[in-house]
Structures are given as C-alpha cells and as structure tokens.
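What's in start-v6.cif: mmCIF, N, CA and C atoms and all ligand atoms
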```
data_coords
loop_
_atom_site.label_atom_id
_atom_site.label_comp_id
_atom_site.auth_asym_id
_atom_site.auth_seq_id
_atom_site.Cartn_x
_atom_site.Cartn_y
_atom_site.Cartn_z
N MET A 1 8.00 0.70 9.47
CA MET A 1 9.36 0.57 8.98
C MET A 1 10.10 1.91 9.11
N GLY A 2 9.37 2.98 8.78
CA GLY A 2 9.99 4.31 8.83
C GLY A 2 10.52 4.66 10.20
N ARG A 3 9.78 4.24 11.25
CA ARG A 3 10.21 4.57 12.62
C ARG A 3 11.49 3.85 13.00
N GLY A 4 11.79 2.74 12.32
CA GLY A 4 12.97 1.97 12.65
C GLY A 4 14.22 2.39 11.90
N LEU A 5 14.06 3.37 11.01
CA LEU A 5 15.20 3.80 10.20
C LEU A 5 15.70 5.17 10.65
N PRO A 6 17.01 5.43 10.55
CA PRO A 6 17.52 6.79 10.82
C PRO A 6 16.84 7.79 9.90
N THR A 7 16.55 8.99 10.43
CA THR A 7 15.77 9.96 9.65
C THR A 7 16.44 10.33 8.33
N GLN A 8 17.77 10.35 8.30
CA GLN A 8 18.43 10.76 7.05
C GLN A 8 18.25 9.72 5.94
N CYS A 9 17.73 8.53 6.30
CA CYS A 9 17.51 7.50 5.28
C CYS A 9 16.21 7.71 4.51
N ILE A 10 15.33 8.55 5.04
CA ILE A 10 14.01 8.71 4.42
C ILE A 10 13.92 10.10 3.81
N HIS A 11 13.48 10.17 2.56
CA HIS A 11 13.35 11.45 1.84
C HIS A 11 11.87 11.68 1.57
N TYR A 12 11.28 12.60 2.30
CA TYR A 12 9.86 12.92 2.09
C TYR A 12 9.72 14.05 1.08
N GLY A 13 8.55 14.11 0.45
CA GLY A 13 8.18 15.27 -0.36
C GLY A 13 8.79 15.33 -1.74
N ARG A 14 9.40 14.28 -2.18
CA ARG A 14 9.90 14.24 -3.56
C ARG A 14 9.91 12.79 -4.03
N GLU A 15 9.83 12.66 -5.33
CA GLU A 15 9.74 11.32 -5.91
C GLU A 15 11.09 10.88 -6.47
N VAL A 16 11.26 9.58 -6.43
CA VAL A 16 12.43 9.01 -7.11
C VAL A 16 12.12 8.93 -8.60
N ARG A 17 12.96 9.55 -9.40
CA ARG A 17 12.75 9.51 -10.85
C ARG A 17 13.51 8.35 -11.47
N ASP A 18 14.70 8.06 -10.92
CA ASP A 18 15.54 7.06 -11.56
C ASP A 18 16.55 6.54 -10.54
N PHE A 19 17.09 5.38 -10.79
CA PHE A 19 18.18 4.90 -9.95
C PHE A 19 19.10 4.00 -10.76
N GLU A 20 20.32 3.89 -10.29
CA GLU A 20 21.28 2.97 -10.90
C GLU A 20 22.00 2.26 -9.78
N GLN A 21 22.20 0.98 -9.93
CA GLN A 21 22.87 0.24 -8.88
C GLN A 21 24.06 -0.53 -9.44
N ASP A 22 25.07 -0.67 -8.59
CA ASP A 22 26.21 -1.50 -8.94
C ASP A 22 26.70 -2.16 -7.66
N GLU A 23 27.87 -2.74 -7.71
CA GLU A 23 28.36 -3.50 -6.54
C GLU A 23 28.66 -2.59 -5.34
N LEU A 24 28.75 -1.29 -5.56
CA LEU A 24 29.06 -0.36 -4.46
C LEU A 24 27.81 0.18 -3.77
N GLY A 25 26.67 0.05 -4.41
CA GLY A 25 25.46 0.59 -3.82
C GLY A 25 24.51 1.09 -4.90
N VAL A 26 23.73 2.12 -4.53
CA VAL A 26 22.74 2.62 -5.47
C VAL A 26 22.78 4.15 -5.50
N ASP A 27 22.71 4.69 -6.71
CA ASP A 27 22.61 6.14 -6.91
C ASP A 27 21.16 6.46 -7.26
N VAL A 28 20.60 7.41 -6.55
CA VAL A 28 19.19 7.73 -6.71
C VAL A 28 19.07 9.15 -7.25
N LEU A 29 18.20 9.31 -8.26
CA LEU A 29 17.91 10.65 -8.80
C LEU A 29 16.47 11.01 -8.45
N PHE A 30 16.30 12.17 -7.78
CA PHE A 30 14.96 12.63 -7.40
C PHE A 30 14.39 13.55 -8.47
N ASP A 31 13.07 13.76 -8.40
CA ASP A 31 12.42 14.59 -9.42
C ASP A 31 12.81 16.07 -9.32
N ASP A 32 13.39 16.47 -8.19
CA ASP A 32 13.86 17.86 -8.09
C ASP A 32 15.30 18.01 -8.57
N GLY A 33 15.86 16.94 -9.14
CA GLY A 33 17.19 16.99 -9.70
C GLY A 33 18.29 16.61 -8.71
N GLN A 34 17.94 16.52 -7.41
CA GLN A 34 18.96 16.14 -6.44
C GLN A 34 19.23 14.64 -6.50
N THR A 35 20.38 14.26 -5.97
CA THR A 35 20.75 12.85 -5.99
C THR A 35 21.12 12.38 -4.59
N ALA A 36 21.16 11.09 -4.40
CA ALA A 36 21.59 10.52 -3.13
C ALA A 36 22.27 9.19 -3.42
N GLN A 37 23.17 8.84 -2.54
CA GLN A 37 23.83 7.53 -2.66
C GLN A 37 23.48 6.72 -1.42
N ALA A 38 23.28 5.43 -1.59
CA ALA A 38 22.91 4.60 -0.45
C ALA A 38 23.36 3.16 -0.69
N ASP A 39 23.39 2.40 0.41
CA ASP A 39 23.70 0.97 0.27
C ASP A 39 22.54 0.25 -0.41
N ILE A 40 21.32 0.59 0.01
CA ILE A 40 20.14 -0.03 -0.59
C ILE A 40 19.07 1.04 -0.81
N LEU A 41 18.17 0.75 -1.74
CA LEU A 41 17.01 1.59 -1.98
C LEU A 41 15.77 0.72 -1.74
N ILE A 42 14.92 1.16 -0.84
CA ILE A 42 13.69 0.41 -0.57
C ILE A 42 12.59 0.98 -1.45
N ALA A 43 12.11 0.16 -2.37
CA ALA A 43 11.06 0.61 -3.28
C ALA A 43 9.70 0.32 -2.65
N ALA A 44 9.17 1.29 -1.94
CA ALA A 44 7.85 1.14 -1.30
C ALA A 44 6.88 2.12 -1.96
N ASP A 45 6.92 2.15 -3.29
CA ASP A 45 6.15 3.16 -4.02
C ASP A 45 4.84 2.62 -4.58
N GLY A 46 4.26 1.64 -3.89
CA GLY A 46 2.89 1.25 -4.17
C GLY A 46 2.71 0.23 -5.27
N THR A 47 1.42 -0.06 -5.55
CA THR A 47 1.10 -1.14 -6.49
C THR A 47 1.54 -0.82 -7.93
N GLY A 48 1.57 0.46 -8.28
CA GLY A 48 2.01 0.82 -9.63
C GLY A 48 3.46 1.23 -9.65
N SER A 49 4.26 0.61 -8.80
CA SER A 49 5.64 1.01 -8.56
C SER A 49 6.47 1.26 -9.83
N ARG A 50 6.92 2.49 -9.93
CA ARG A 50 7.82 2.86 -11.04
C ARG A 50 9.16 2.15 -10.86
N LEU A 51 9.61 2.05 -9.62
CA LEU A 51 10.91 1.44 -9.37
C LEU A 51 10.90 -0.05 -9.70
N ARG A 52 9.78 -0.72 -9.39
CA ARG A 52 9.68 -2.14 -9.74
C ARG A 52 9.72 -2.31 -11.25
N SER A 53 9.04 -1.41 -11.97
CA SER A 53 9.05 -1.50 -13.44
C SER A 53 10.46 -1.37 -13.99
N GLN A 54 11.24 -0.51 -13.33
CA GLN A 54 12.61 -0.31 -13.80
C GLN A 54 13.46 -1.54 -13.49
N LEU A 55 13.20 -2.12 -12.31
CA LEU A 55 13.98 -3.27 -11.89
C LEU A 55 13.59 -4.53 -12.66
N PHE A 56 12.29 -4.66 -12.94
CA PHE A 56 11.78 -5.83 -13.66
C PHE A 56 11.03 -5.36 -14.90
N PRO A 57 11.74 -4.97 -15.95
CA PRO A 57 11.07 -4.46 -17.15
C PRO A 57 10.10 -5.52 -17.69
N GLY A 58 8.94 -5.07 -18.12
CA GLY A 58 7.97 -6.01 -18.68
C GLY A 58 7.02 -6.58 -17.65
N TYR A 59 7.32 -6.35 -16.34
CA TYR A 59 6.41 -6.87 -15.32
C TYR A 59 5.08 -6.14 -15.41
N GLU A 60 3.99 -6.91 -15.34
CA GLU A 60 2.66 -6.29 -15.33
C GLU A 60 1.83 -6.89 -14.23
N SER A 61 1.10 -6.05 -13.51
CA SER A 61 0.17 -6.56 -12.50
C SER A 61 -0.93 -7.33 -13.19
N SER A 62 -1.47 -8.33 -12.50
CA SER A 62 -2.58 -9.08 -13.09
C SER A 62 -3.76 -9.11 -12.12
N PHE A 63 -4.94 -9.10 -12.65
CA PHE A 63 -6.16 -9.12 -11.85
C PHE A 63 -6.31 -10.48 -11.17
N ALA A 64 -6.52 -10.48 -9.86
CA ALA A 64 -6.56 -11.73 -9.11
C ALA A 64 -7.99 -12.25 -8.95
N ASP A 65 -8.94 -11.62 -9.64
CA ASP A 65 -10.34 -12.03 -9.56
C ASP A 65 -10.99 -11.76 -8.20
N TYR A 66 -10.42 -10.87 -7.42
CA TYR A 66 -11.06 -10.49 -6.17
C TYR A 66 -11.77 -9.16 -6.36
N ILE A 67 -13.00 -9.10 -5.97
CA ILE A 67 -13.76 -7.85 -6.02
C ILE A 67 -14.33 -7.61 -4.63
N ALA A 68 -14.22 -6.38 -4.16
CA ALA A 68 -14.76 -6.07 -2.83
C ALA A 68 -15.76 -4.92 -2.93
N TRP A 69 -16.89 -5.08 -2.29
CA TRP A 69 -17.84 -3.99 -2.16
C TRP A 69 -17.79 -3.51 -0.73
N ARG A 70 -17.75 -2.23 -0.54
CA ARG A 70 -17.72 -1.67 0.80
C ARG A 70 -18.91 -0.75 0.97
N GLY A 71 -19.37 -0.66 2.18
CA GLY A 71 -20.47 0.27 2.43
C GLY A 71 -20.52 0.65 3.89
N ILE A 72 -21.08 1.80 4.14
CA ILE A 72 -21.32 2.24 5.51
C ILE A 72 -22.82 2.45 5.64
N VAL A 73 -23.39 1.85 6.65
CA VAL A 73 -24.84 1.97 6.82
C VAL A 73 -25.16 2.66 8.14
N ASP A 74 -26.30 3.30 8.16
CA ASP A 74 -26.77 3.97 9.36
C ASP A 74 -27.35 2.91 10.30
N GLU A 75 -26.70 2.72 11.43
CA GLU A 75 -27.14 1.67 12.36
C GLU A 75 -28.58 1.86 12.79
N ALA A 76 -29.04 3.12 12.83
CA ALA A 76 -30.40 3.40 13.31
C ALA A 76 -31.46 2.76 12.42
N LEU A 77 -31.09 2.42 11.17
CA LEU A 77 -32.05 1.83 10.26
C LEU A 77 -32.27 0.34 10.53
N PHE A 78 -31.48 -0.22 11.44
CA PHE A 78 -31.54 -1.65 11.68
C PHE A 78 -32.00 -1.94 13.10
N ASN A 79 -32.49 -3.14 13.27
CA ASN A 79 -32.88 -3.61 14.59
C ASN A 79 -31.65 -3.58 15.51
N ALA A 80 -31.78 -2.94 16.65
CA ALA A 80 -30.63 -2.74 17.55
C ALA A 80 -29.99 -4.06 17.98
N ALA A 81 -30.83 -5.08 18.20
CA ALA A 81 -30.28 -6.37 18.64
C ALA A 81 -29.43 -7.00 17.53
N ASP A 82 -29.91 -6.84 16.27
CA ASP A 82 -29.13 -7.39 15.15
C ASP A 82 -27.79 -6.66 15.01
N VAL A 83 -27.84 -5.33 15.14
CA VAL A 83 -26.60 -4.55 15.06
C VAL A 83 -25.63 -4.99 16.14
N ALA A 84 -26.16 -5.16 17.35
CA ALA A 84 -25.28 -5.57 18.46
C ALA A 84 -24.65 -6.93 18.17
N ASN A 85 -25.48 -7.85 17.61
CA ASN A 85 -24.96 -9.19 17.31
C ASN A 85 -23.80 -9.13 16.32
N ILE A 86 -23.94 -8.25 15.32
CA ILE A 86 -22.93 -8.19 14.26
C ILE A 86 -21.70 -7.41 14.71
N THR A 87 -21.91 -6.35 15.48
CA THR A 87 -20.80 -5.40 15.68
C THR A 87 -20.18 -5.42 17.07
N GLU A 88 -20.70 -6.26 17.96
CA GLU A 88 -20.07 -6.31 19.28
C GLU A 88 -18.61 -6.73 19.18
N ASN A 89 -18.38 -7.66 18.29
CA ASN A 89 -17.02 -8.08 17.99
C ASN A 89 -16.85 -7.98 16.48
N MET A 90 -15.62 -8.06 16.05
CA MET A 90 -15.44 -8.11 14.61
C MET A 90 -16.07 -9.41 14.11
N THR A 91 -16.91 -9.30 13.08
CA THR A 91 -17.62 -10.47 12.58
C THR A 91 -17.05 -10.88 11.23
N LEU A 92 -16.83 -12.15 11.10
CA LEU A 92 -16.27 -12.68 9.86
C LEU A 92 -17.12 -13.87 9.44
N HIS A 93 -17.70 -13.79 8.26
CA HIS A 93 -18.50 -14.89 7.75
C HIS A 93 -17.95 -15.28 6.40
N LYS A 94 -17.58 -16.55 6.29
CA LYS A 94 -16.93 -16.98 5.06
C LYS A 94 -17.59 -18.22 4.51
N GLN A 95 -17.87 -18.21 3.23
CA GLN A 95 -18.28 -19.42 2.54
C GLN A 95 -17.73 -19.34 1.13
N PRO A 96 -17.77 -20.43 0.36
CA PRO A 96 -17.10 -20.40 -0.94
C PRO A 96 -17.52 -19.19 -1.78
N GLY A 97 -16.56 -18.41 -2.20
CA GLY A 97 -16.82 -17.27 -3.07
C GLY A 97 -17.32 -16.03 -2.36
N GLU A 98 -17.47 -16.09 -1.04
CA GLU A 98 -17.99 -14.94 -0.32
C GLU A 98 -17.24 -14.71 0.98
N LEU A 99 -17.17 -13.45 1.36
CA LEU A 99 -16.58 -13.10 2.65
C LEU A 99 -17.32 -11.87 3.16
N PHE A 100 -17.88 -11.98 4.35
CA PHE A 100 -18.59 -10.84 4.94
C PHE A 100 -17.88 -10.45 6.21
N MET A 101 -17.57 -9.15 6.34
CA MET A 101 -16.90 -8.68 7.54
C MET A 101 -17.66 -7.49 8.10
N ALA A 102 -17.70 -7.39 9.40
CA ALA A 102 -18.27 -6.20 10.04
C ALA A 102 -17.36 -5.80 11.19
N PHE A 103 -17.08 -4.51 11.26
CA PHE A 103 -16.22 -3.99 12.32
C PHE A 103 -17.05 -3.15 13.28
N PRO A 104 -16.80 -3.27 14.59
CA PRO A 104 -17.53 -2.41 15.52
C PRO A 104 -17.17 -0.95 15.33
C1 LIG B 201 -9.96 2.20 -1.53
C2 LIG B 201 -8.92 1.30 -0.87
C3 LIG B 201 -9.20 0.72 0.35
C4 LIG B 201 -8.29 -0.11 0.98
N1 LIG B 201 -8.59 -0.68 2.18
C5 LIG B 201 -7.72 -1.46 2.81
C6 LIG B 201 -8.01 -2.03 4.09
O1 LIG B 201 -9.07 -1.81 4.67
N2 LIG B 201 -7.08 -2.82 4.67
C7 LIG B 201 -5.89 -3.08 4.06
O2 LIG B 201 -5.07 -3.80 4.63
N3 LIG B 201 -5.58 -2.55 2.85
C8 LIG B 201 -6.46 -1.76 2.21
N4 LIG B 201 -6.18 -1.23 0.98
C9 LIG B 201 -4.92 -1.60 0.35
C10 LIG B 201 -3.80 -0.77 0.96
O3 LIG B 201 -4.14 0.62 0.88
C11 LIG B 201 -2.55 -1.02 0.14
O4 LIG B 201 -2.32 -2.41 0.07
C12 LIG B 201 -1.38 -0.36 0.83
O5 LIG B 201 -1.63 1.03 0.94
C13 LIG B 201 -0.15 -0.57 -0.01
O6 LIG B 201 0.89 0.06 0.72
P1 LIG B 201 2.20 0.48 0.02
O7 LIG B 201 3.05 1.13 1.07
O8 LIG B 201 2.77 -0.69 -0.74
O9 LIG B 201 1.80 1.55 -1.10
P2 LIG B 201 1.03 2.94 -0.96
O10 LIG B 201 0.21 3.03 0.27
O11 LIG B 201 0.36 3.15 -2.30
O12 LIG B 201 2.22 3.98 -0.80
C14 LIG B 201 3.11 4.26 -1.86
C15 LIG B 201 3.74 5.61 -1.60
O13 LIG B 201 4.81 5.80 -2.50
C16 LIG B 201 4.73 7.09 -3.03
N5 LIG B 201 5.37 7.06 -4.34
C17 LIG B 201 4.88 6.65 -5.54
N6 LIG B 201 5.79 6.75 -6.50
C18 LIG B 201 6.91 7.23 -5.92
C19 LIG B 201 8.21 7.55 -6.39
N7 LIG B 201 8.57 7.38 -7.68
N8 LIG B 201 9.12 8.04 -5.50
C20 LIG B 201 8.80 8.20 -4.20
N9 LIG B 201 7.59 7.90 -3.69
C21 LIG B 201 6.65 7.42 -4.54
C22 LIG B 201 3.24 7.43 -3.10
O14 LIG B 201 3.04 8.83 -3.10
C23 LIG B 201 2.76 6.78 -1.80
O15 LIG B 201 2.90 7.66 -0.70
C24 LIG B 201 -7.04 -0.38 0.36
C25 LIG B 201 -6.76 0.22 -0.88
C26 LIG B 201 -7.67 1.05 -1.49
C27 LIG B 201 -7.32 1.69 -2.83
#
```
When written as structure tokens, how does the structure in this file appear?
Ligand SMILES: Cc1cc2nc3c(=O)[nH]c(=O)nc-3n(C[C@H](O)[C@H](O)[C@H](O)COP(=O)(O)OP(=O)(O)OC[C@H]3O[C@@H](n4cnc5c(N)ncnc54)[C@H](O)[C@@H]3O)c2cc1C
Amino acid sequence: MGRGLPTQCIHYGREVRDFEQDELGVDVLFDDGQTAQADILIAADGTGSRLRSQLFPGYESSFADYIAWRGIVDEALFNAADVANITENMTLHKQPGELFMAFP
C-alpha cells in the first residue's frame, strides 16, 4: 500500500497520538507534538490499534481459539527421502482441528 501512495502521505518514525475528524477531513497529532491535516487517516497500527480504540471506544479483541505451534528442525536429523517428500513443494495437511504446513 505504501508504494502506491505519494511519499508526503506517509509519516515514518513517529506515532500518532490523537486525531480528530469532521466533515472537512482529519487533524492528526503526532507524539513529537507536530500535526498534519489530511482527507483520510489510514489506521494501520496493528492488532492493538490505538486509533481503532479511539474510533470504536469499548472495542476489545477476542480470542478466536486458534493456537499455532511453530518450529524449525534440522533436516539432517530426518530421512532424506521423507524431507524431500514434505518440502519439495509447500505441503498442507488438514483435518478437523489440525493443520500441518511445511515450506521448502
Ligand atoms: C510471531 C508472529 C508470527 C507471524 N507469522 C505470520 C505468518 O507467517 N504469516 C502471516 O501472514 N502472518 C503472520 N503473523 C501475523 C502478521 O504479523 C500480522 O497479521 C501482520 O503483521 C499485521 O499487520 P499490520 O500491518 O496490521 O500490523 P503490524 O505489522 O503490527 O504493524 C503495525 C505498525 O504500526 C505501528 N504503530 C503502532 N501504533 C502506532 C501509532 N499510534 N502511530 C503510528 N504507528 C503505529 C507499529 O510500530 C507497526 O510498525 C505473525 C505474527 C506474529 C506475532
């Protein structure tokens, strides 16, 4: 998305502390005290978005019951033919309640 926007639209290296919007646009206050005015503010500040909290007071993330375990293993510890079978292509194995993926 960043590559598709004019450079002056993106402010790196500082956080948005606050914003106010009305029918004319949005006023943004940064943590260094500077301000900016814009037609829109894109809140891409992650899962714990401060801006979303301000826009939707009371919103809380909820646990979706997904748990993922990740690991990296030394291929040398495994039978080479088995490793080749799993990793020649991306492998996806799915059954109820489980998902196994392997990337080459
Ligand atoms: C350990 C781990 C492994 C993951 N692995 C994968 C994977 O393999 N594949 C996959 O698709 N996803 C993976 N994810 C999920 C993926 O990282 C997130 O879904 C994705 O990064 C979310 O992108 P985002 O741009 O919404 O937020 P983020 O990547 O969190 O970016 C938010 C940005 O906003 C900045 N920011 C925060 N507050 C402010 C503020 N007030 N003002 C200005 N800037 C602010 C932050 O510094 C950060 O740079 C993984 C996540 C974790 C934690």
Mind running chain A against ligand LIG 201 (chain B) at 12 Å and telling me each contacting residue's nearest atom pair with the distance in Å (one decimal), counting only C-alpha atoms and all ligand atoms, chain and number ascending, as a Markdown table?
```
| residue | atom | partner | partner_atom | distance |
| --- | --- | --- | --- | --- |
| A:Met1 | CA | B:LIG201 | O7 | 10.1 |
| A:Gly2 | CA | B:LIG201 | O7 | 10.9 |
| A:Ile10 | CA | B:LIG201 | C20 | 10.1 |
| A:His11 | CA | B:LIG201 | C20 | 8.2 |
| A:Tyr12 | CA | B:LIG201 | C20 | 7.9 |
| A:Gly13 | CA | B:LIG201 | C20 | 8.1 |
| A:Arg14 | CA | B:LIG201 | C20 | 6.2 |
| A:Glu15 | CA | B:LIG201 | N8 | 3.4 |
| A:Val16 | CA | B:LIG201 | N8 | 3.8 |
| A:Arg17 | CA | B:LIG201 | N7 | 5.7 |
| A:Asp18 | CA | B:LIG201 | N7 | 8.0 |
| A:Phe19 | CA | B:LIG201 | N7 | 10.2 |
| A:Val28 | CA | B:LIG201 | N8 | 10.1 |
| A:Leu29 | CA | B:LIG201 | N8 | 9.7 |
| A:Phe30 | CA | B:LIG201 | N8 | 7.7 |
| A:Asp31 | CA | B:LIG201 | N8 | 8.3 |
| A:Asp32 | CA | B:LIG201 | N8 | 11.2 |
| A:Leu41 | CA | B:LIG201 | C20 | 10.8 |
| A:Ile42 | CA | B:LIG201 | C20 | 9.9 |
| A:Ala43 | CA | B:LIG201 | C20 | 8.0 |
| A:Ala44 | CA | B:LIG201 | O7 | 5.4 |
| A:Asp45 | CA | B:LIG201 | O13 | 3.3 |
| A:Gly46 | CA | B:LIG201 | O9 | 3.3 |
| A:Thr47 | CA | B:LIG201 | O8 | 6.0 |
| A:Gly48 | CA | B:LIG201 | C17 | 7.7 |
| A:Ser49 | CA | B:LIG201 | N6 | 6.1 |
| A:Arg50 | CA | B:LIG201 | N7 | 5.7 |
| A:Leu51 | CA | B:LIG201 | N7 | 6.6 |
| A:Arg52 | CA | B:LIG201 | N7 | 9.8 |
| A:Ser53 | CA | B:LIG201 | N7 | 10.6 |
| A:Gln54 | CA | B:LIG201 | N7 | 10.6 |
| A:Ile67 | CA | B:LIG201 | C2 | 11.6 |
| A:Ala68 | CA | B:LIG201 | C3 | 9.3 |
| A:Trp69 | CA | B:LIG201 | C1 | 10.0 |
| A:Arg70 | CA | B:LIG201 | C3 | 8.9 |
| A:Gly71 | CA | B:LIG201 | C1 | 11.4 |
| A:Met101 | CA | B:LIG201 | O1 | 10.8 |
| A:Ala102 | CA | B:LIG201 | O1 | 11.5 |
| A:Phe103 | CA | B:LIG201 | O1 | 10.7 |
```
Residues of the last selection are to be written out with N, CA and C atoms, as an mmCIF file, in the coordinates of the input.
```
data_model
loop_
_atom_site.group_PDB
_atom_site.id
_atom_site.type_symbol
_atom_site.label_atom_id
_atom_site.label_comp_id
_atom_site.auth_asym_id
_atom_site.auth_seq_id
_atom_site.Cartn_x
_atom_site.Cartn_y
_atom_site.Cartn_z
ATOM 1 N N MET A 1 8.000 0.700 9.470
ATOM 2 C CA MET A 1 9.360 0.570 8.980
ATOM 3 C C MET A 1 10.100 1.910 9.110
ATOM 4 N N GLY A 2 9.370 2.980 8.780
ATOM 5 C CA GLY A 2 9.990 4.310 8.830
ATOM 6 C C GLY A 2 10.520 4.660 10.200
ATOM 7 N N ILE A 10 15.330 8.550 5.040
ATOM 8 C CA ILE A 10 14.010 8.710 4.420
ATOM 9 C C ILE A 10 13.920 10.100 3.810
ATOM 10 N N HIS A 11 13.480 10.170 2.560
ATOM 11 C CA HIS A 11 13.350 11.450 1.840
ATOM 12 C C HIS A 11 11.870 11.680 1.570
ATOM 13 N N TYR A 12 11.280 12.600 2.300
ATOM 14 C CA TYR A 12 9.860 12.920 2.090
ATOM 15 C C TYR A 12 9.720 14.050 1.080
ATOM 16 N N GLY A 13 8.550 14.110 0.450
ATOM 17 C CA GLY A 13 8.180 15.270 -0.360
ATOM 18 C C GLY A 13 8.790 15.330 -1.740
ATOM 19 N N ARG A 14 9.400 14.280 -2.180
ATOM 20 C CA ARG A 14 9.900 14.240 -3.560
ATOM 21 C C ARG A 14 9.910 12.790 -4.030
ATOM 22 N N GLU A 15 9.830 12.660 -5.330
ATOM 23 C CA GLU A 15 9.740 11.320 -5.910
ATOM 24 C C GLU A 15 11.090 10.880 -6.470
ATOM 25 N N VAL A 16 11.260 9.580 -6.430
ATOM 26 C CA VAL A 16 12.430 9.010 -7.110
ATOM 27 C C VAL A 16 12.120 8.930 -8.600
ATOM 28 N N ARG A 17 12.960 9.550 -9.400
ATOM 29 C CA ARG A 17 12.750 9.510 -10.850
ATOM 30 C C ARG A 17 13.510 8.350 -11.470
ATOM 31 N N ASP A 18 14.700 8.060 -10.920
ATOM 32 C CA ASP A 18 15.540 7.060 -11.560
ATOM 33 C C ASP A 18 16.550 6.540 -10.540
ATOM 34 N N PHE A 19 17.090 5.380 -10.790
ATOM 35 C CA PHE A 19 18.180 4.900 -9.950
ATOM 36 C C PHE A 19 19.100 4.000 -10.760
ATOM 37 N N VAL A 28 20.600 7.410 -6.550
ATOM 38 C CA VAL A 28 19.190 7.730 -6.710
ATOM 39 C C VAL A 28 19.070 9.150 -7.250
ATOM 40 N N LEU A 29 18.200 9.310 -8.260
ATOM 41 C CA LEU A 29 17.910 10.650 -8.800
ATOM 42 C C LEU A 29 16.470 11.010 -8.450
ATOM 43 N N PHE A 30 16.300 12.170 -7.780
ATOM 44 C CA PHE A 30 14.960 12.630 -7.400
ATOM 45 C C PHE A 30 14.390 13.550 -8.470
ATOM 46 N N ASP A 31 13.070 13.760 -8.400
ATOM 47 C CA ASP A 31 12.420 14.590 -9.420
ATOM 48 C C ASP A 31 12.810 16.070 -9.320
ATOM 49 N N ASP A 32 13.390 16.470 -8.190
ATOM 50 C CA ASP A 32 13.860 17.860 -8.090
ATOM 51 C C ASP A 32 15.300 18.010 -8.570
ATOM 52 N N LEU A 41 18.170 0.750 -1.740
ATOM 53 C CA LEU A 41 17.010 1.590 -1.980
ATOM 54 C C LEU A 41 15.770 0.720 -1.740
ATOM 55 N N ILE A 42 14.920 1.160 -0.840
ATOM 56 C CA ILE A 42 13.690 0.410 -0.570
ATOM 57 C C ILE A 42 12.590 0.980 -1.450
ATOM 58 N N ALA A 43 12.110 0.160 -2.370
ATOM 59 C CA ALA A 43 11.060 0.610 -3.280
ATOM 60 C C ALA A 43 9.700 0.320 -2.650
ATOM 61 N N ALA A 44 9.170 1.290 -1.940
ATOM 62 C CA ALA A 44 7.850 1.140 -1.300
ATOM 63 C C ALA A 44 6.880 2.120 -1.960
ATOM 64 N N ASP A 45 6.920 2.150 -3.290
ATOM 65 C CA ASP A 45 6.150 3.160 -4.020
ATOM 66 C C ASP A 45 4.840 2.620 -4.580
ATOM 67 N N GLY A 46 4.260 1.640 -3.890
ATOM 68 C CA GLY A 46 2.890 1.250 -4.170
ATOM 69 C C GLY A 46 2.710 0.230 -5.270
ATOM 70 N N THR A 47 1.420 -0.060 -5.550
ATOM 71 C CA THR A 47 1.100 -1.140 -6.490
ATOM 72 C C THR A 47 1.540 -0.820 -7.930
ATOM 73 N N GLY A 48 1.570 0.460 -8.280
ATOM 74 C CA GLY A 48 2.010 0.820 -9.630
ATOM 75 C C GLY A 48 3.460 1.230 -9.650
ATOM 76 N N SER A 49 4.260 0.610 -8.800
ATOM 77 C CA SER A 49 5.640 1.010 -8.560
ATOM 78 C C SER A 49 6.470 1.260 -9.830
ATOM 79 N N ARG A 50 6.920 2.490 -9.930
ATOM 80 C CA ARG A 50 7.820 2.860 -11.040
ATOM 81 C C ARG A 50 9.160 2.150 -10.860
ATOM 82 N N LEU A 51 9.610 2.050 -9.620
ATOM 83 C CA LEU A 51 10.910 1.440 -9.370
ATOM 84 C C LEU A 51 10.900 -0.050 -9.700
ATOM 85 N N ARG A 52 9.780 -0.720 -9.390
ATOM 86 C CA ARG A 52 9.680 -2.140 -9.740
ATOM 87 C C ARG A 52 9.720 -2.310 -11.250
ATOM 88 N N SER A 53 9.040 -1.410 -11.970
ATOM 89 C CA SER A 53 9.050 -1.500 -13.440
ATOM 90 C C SER A 53 10.460 -1.370 -13.990
ATOM 91 N N GLN A 54 11.240 -0.510 -13.330
ATOM 92 C CA GLN A 54 12.610 -0.310 -13.800
ATOM 93 C C GLN A 54 13.460 -1.540 -13.490
ATOM 94 N N ILE A 67 -13.000 -9.100 -5.970
ATOM 95 C CA ILE A 67 -13.760 -7.850 -6.020
ATOM 96 C C ILE A 67 -14.330 -7.610 -4.630
ATOM 97 N N ALA A 68 -14.220 -6.380 -4.160
ATOM 98 C CA ALA A 68 -14.760 -6.070 -2.830
ATOM 99 C C ALA A 68 -15.760 -4.920 -2.930
ATOM 100 N N TRP A 69 -16.890 -5.080 -2.290
ATOM 101 C CA TRP A 69 -17.840 -3.990 -2.160
ATOM 102 C C TRP A 69 -17.790 -3.510 -0.730
ATOM 103 N N ARG A 70 -17.750 -2.230 -0.540
ATOM 104 C CA ARG A 70 -17.720 -1.670 0.800
ATOM 105 C C ARG A 70 -18.910 -0.750 0.970
ATOM 106 N N GLY A 71 -19.370 -0.660 2.180
ATOM 107 C CA GLY A 71 -20.470 0.270 2.430
ATOM 108 C C GLY A 71 -20.520 0.650 3.890
ATOM 109 N N MET A 101 -17.570 -9.150 6.340
ATOM 110 C CA MET A 101 -16.900 -8.680 7.540
ATOM 111 C C MET A 101 -17.660 -7.490 8.100
ATOM 112 N N ALA A 102 -17.700 -7.390 9.400
ATOM 113 C CA ALA A 102 -18.270 -6.200 10.040
ATOM 114 C C ALA A 102 -17.360 -5.800 11.190
ATOM 115 N N PHE A 103 -17.080 -4.510 11.260
ATOM 116 C CA PHE A 103 -16.220 -3.990 12.320
ATOM 117 C C PHE A 103 -17.050 -3.150 13.280
#
```
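As for atom CA of Gly25 of chain A and atom C of Ala38 of chain A, they are spaced 4.6 Å apart.
For the pair atom N of Ala36 of chain A and atom C of Leu24 of chain A, the interatomic distance is 12.8 Å.
The two atoms in question, atom C of Leu77 of chain A and atom C of Gly97 of chain A, are spaced 25.6 Å apart.
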* DSSP-assigned strand (DSSP E or B) members of segment 28-77 of chain A, reported as a PyMOL selection string -> chain A and resi 28-30+35-38
Box in all listed atoms of segment 83-94 of chain A, axis-aligned, with 8 Å more on each side; write out centre and edge lengths in Å to one decimal as AutoDock Vina command-line options.
```
--center_x -21.6 --center_y -11.4 --center_z 11.9 --size_x 28.4 --size_y 29.7 --size_z 30.8
```
